Amino acid sequence: MIRLSELLDLISEGKVEYPSNHKPGMRVTKGGSMCANCEYHEVKGNMCNNKYWLQWKNGDAKIQAPADEYCCDWWHEK
């Protein structure tokens, strides 16, 4: 598994490409990688405190779906 810092280095060097329809966050089926089991999830208010999420969402920490039905590229196991 690649660490987030390594991925960010690759992105900044232009070595990572995503399809044009890629979205950094999306609804997922319950279970597995999801906001509810991410170290950045704040239960109170269903918020994400990851700095890249906040950049993507223009400072809005609110997650748009239940925490057990959403995940983003910046997920990290608790």
# chains A, B, ... in the order shown; residues from 1 in each chain; ligands from 1
>>> residues_around(residues="region 28-39 of chain A", least_positions_apart="5", cutoff="12 Å", atoms="only C-alpha atoms", output="number ranges by chain")
A: 44, 46-50, 53, 62-78
>>> write_last_selection(atoms="N, CA and C atoms", output="PDB file, in the first residue's frame")
ATOM      1  N   LYS A  44     -19.204  13.669  15.944  1.00  0.00           N
ATOM      2  CA  LYS A  44     -20.103  14.790  16.212  1.00  0.00           C
ATOM      3  C   LYS A  44     -20.172  15.675  14.970  1.00  0.00           C
ATOM      4  N   ASN A  46     -20.685  14.592  11.931  1.00  0.00           N
ATOM      5  CA  ASN A  46     -20.314  13.829  10.732  1.00  0.00           C
ATOM      6  C   ASN A  46     -19.383  14.662   9.843  1.00  0.00           C
ATOM      7  N   MET A  47     -18.218  14.982  10.404  1.00  0.00           N
ATOM      8  CA  MET A  47     -17.265  15.879   9.762  1.00  0.00           C
ATOM      9  C   MET A  47     -15.952  15.165   9.440  1.00  0.00           C
ATOM     10  N   CYS A  48     -15.220  15.723   8.493  1.00  0.00           N
ATOM     11  CA  CYS A  48     -13.884  15.246   8.146  1.00  0.00           C
ATOM     12  C   CYS A  48     -12.890  16.359   8.447  1.00  0.00           C
ATOM     13  N   ASN A  49     -11.826  16.029   9.186  1.00  0.00           N
ATOM     14  CA  ASN A  49     -10.839  17.061   9.517  1.00  0.00           C
ATOM     15  C   ASN A  49      -9.543  16.912   8.716  1.00  0.00           C
ATOM     16  N   ASN A  50      -9.571  16.130   7.623  1.00  0.00           N
ATOM     17  CA  ASN A  50      -8.385  15.973   6.787  1.00  0.00           C
ATOM     18  C   ASN A  50      -8.157  17.250   5.978  1.00  0.00           C
ATOM     19  N   TRP A  53      -9.306  17.060   2.315  1.00  0.00           N
ATOM     20  CA  TRP A  53     -10.769  17.115   2.207  1.00  0.00           C
ATOM     21  C   TRP A  53     -11.217  18.568   2.311  1.00  0.00           C
ATOM     22  N   LYS A  62     -18.288  19.112   6.552  1.00  0.00           N
ATOM     23  CA  LYS A  62     -19.457  18.226   6.586  1.00  0.00           C
ATOM     24  C   LYS A  62     -19.387  17.164   5.492  1.00  0.00           C
ATOM     25  N   ILE A  63     -19.608  15.901   5.892  1.00  0.00           N
ATOM     26  CA  ILE A  63     -19.669  14.783   4.948  1.00  0.00           C
ATOM     27  C   ILE A  63     -21.112  14.665   4.475  1.00  0.00           C
ATOM     28  N   GLN A  64     -21.314  14.552   3.166  1.00  0.00           N
ATOM     29  CA  GLN A  64     -22.651  14.633   2.563  1.00  0.00           C
ATOM     30  C   GLN A  64     -23.507  13.375   2.691  1.00  0.00           C
ATOM     31  N   ALA A  65     -23.012  12.337   3.306  1.00  0.00           N
ATOM     32  CA  ALA A  65     -23.767  11.085   3.433  1.00  0.00           C
ATOM     33  C   ALA A  65     -23.456  10.488   4.802  1.00  0.00           C
ATOM     34  N   PRO A  66     -24.216   9.491   5.222  1.00  0.00           N
ATOM     35  CA  PRO A  66     -23.872   8.825   6.476  1.00  0.00           C
ATOM     36  C   PRO A  66     -22.428   8.314   6.437  1.00  0.00           C
ATOM     37  N   ALA A  67     -21.746   8.366   7.568  1.00  0.00           N
ATOM     38  CA  ALA A  67     -20.325   8.006   7.624  1.00  0.00           C
ATOM     39  C   ALA A  67     -20.061   6.559   7.223  1.00  0.00           C
ATOM     40  N   ASP A  68     -21.058   5.690   7.351  1.00  0.00           N
ATOM     41  CA  ASP A  68     -20.848   4.295   6.950  1.00  0.00           C
ATOM     42  C   ASP A  68     -21.233   4.048   5.489  1.00  0.00           C
ATOM     43  N   GLU A  69     -21.477   5.134   4.739  1.00  0.00           N
ATOM     44  CA  GLU A  69     -21.831   5.028   3.327  1.00  0.00           C
ATOM     45  C   GLU A  69     -21.040   6.015   2.461  1.00  0.00           C
ATOM     46  N   TYR A  70     -19.880   6.458   2.938  1.00  0.00           N
ATOM     47  CA  TYR A  70     -19.098   7.440   2.185  1.00  0.00           C
ATOM     48  C   TYR A  70     -17.611   7.182   2.426  1.00  0.00           C
ATOM     49  N   CYS A  71     -16.806   7.459   1.417  1.00  0.00           N
ATOM     50  CA  CYS A  71     -15.352   7.334   1.547  1.00  0.00           C
ATOM     51  C   CYS A  71     -14.687   8.287   0.563  1.00  0.00           C
ATOM     52  N   CYS A  72     -13.455   8.678   0.872  1.00  0.00           N
ATOM     53  CA  CYS A  72     -12.719   9.558  -0.037  1.00  0.00           C
ATOM     54  C   CYS A  72     -11.285   9.072  -0.210  1.00  0.00           C
ATOM     55  N   ASP A  73     -10.578   9.699  -1.127  1.00  0.00           N
ATOM     56  CA  ASP A  73      -9.194   9.316  -1.432  1.00  0.00           C
ATOM     57  C   ASP A  73      -8.275   9.446  -0.222  1.00  0.00           C
ATOM     58  N   TRP A  74      -8.652  10.231   0.749  1.00  0.00           N
ATOM     59  CA  TRP A  74      -7.769  10.492   1.888  1.00  0.00           C
ATOM     60  C   TRP A  74      -8.087   9.628   3.099  1.00  0.00           C
ATOM     61  N   TRP A  75      -8.890   8.592   2.909  1.00  0.00           N
ATOM     62  CA  TRP A  75      -9.231   7.677   3.999  1.00  0.00           C
ATOM     63  C   TRP A  75      -7.965   7.095   4.596  1.00  0.00           C
ATOM     64  N   HIS A  76      -7.948   6.988   5.914  1.00  0.00           N
ATOM     65  CA  HIS A  76      -6.834   6.352   6.608  1.00  0.00           C
ATOM     66  C   HIS A  76      -7.382   5.620   7.824  1.00  0.00           C
ATOM     67  N   GLU A  77      -7.039   4.366   7.948  1.00  0.00           N
ATOM     68  CA  GLU A  77      -7.542   3.529   9.040  1.00  0.00           C
ATOM     69  C   GLU A  77      -7.258   4.143  10.409  1.00  0.00           C
ATOM     70  N   LYS A  78      -8.259   4.056  11.300  1.00  0.00           N
ATOM     71  CA  LYS A  78      -8.092   4.545  12.675  1.00  0.00           C
ATOM     72  C   LYS A  78      -7.025   3.762  13.369  1.00  0.00           C
TER      73      LYS A  78
END
>>> select_by_dssp(residues="chain A", states="alpha helix (DSSP H)", output="PyMOL selection string")
chain A and resi 4-12+51-56
>>> select_by_dssp(residues="chain A", states="strand (DSSP E or B)", output="tab-separated table (two decimals) with C-alpha atoms, in the first residue's frame")
chain	number	residue	atom	x	y	z
A	25	GLY	CA	-15.14	11.29	-2.50
A	26	MET	CA	-18.21	9.17	-3.15
A	27	ARG	CA	-20.94	7.08	-1.64
A	38	CYS	CA	-11.25	6.66	9.23
A	41	HIS	CA	-13.77	11.31	10.87
A	42	GLU	CA	-15.38	13.37	13.63
A	47	MET	CA	-17.27	15.88	9.76
A	48	CYS	CA	-13.88	15.25	8.15
A	62	LYS	CA	-19.46	18.23	6.59
A	70	TYR	CA	-19.10	7.44	2.18
A	71	CYS	CA	-15.35	7.33	1.55
A	72	CYS	CA	-12.72	9.56	-0.04
A	77	GLU	CA	-7.54	3.53	9.04
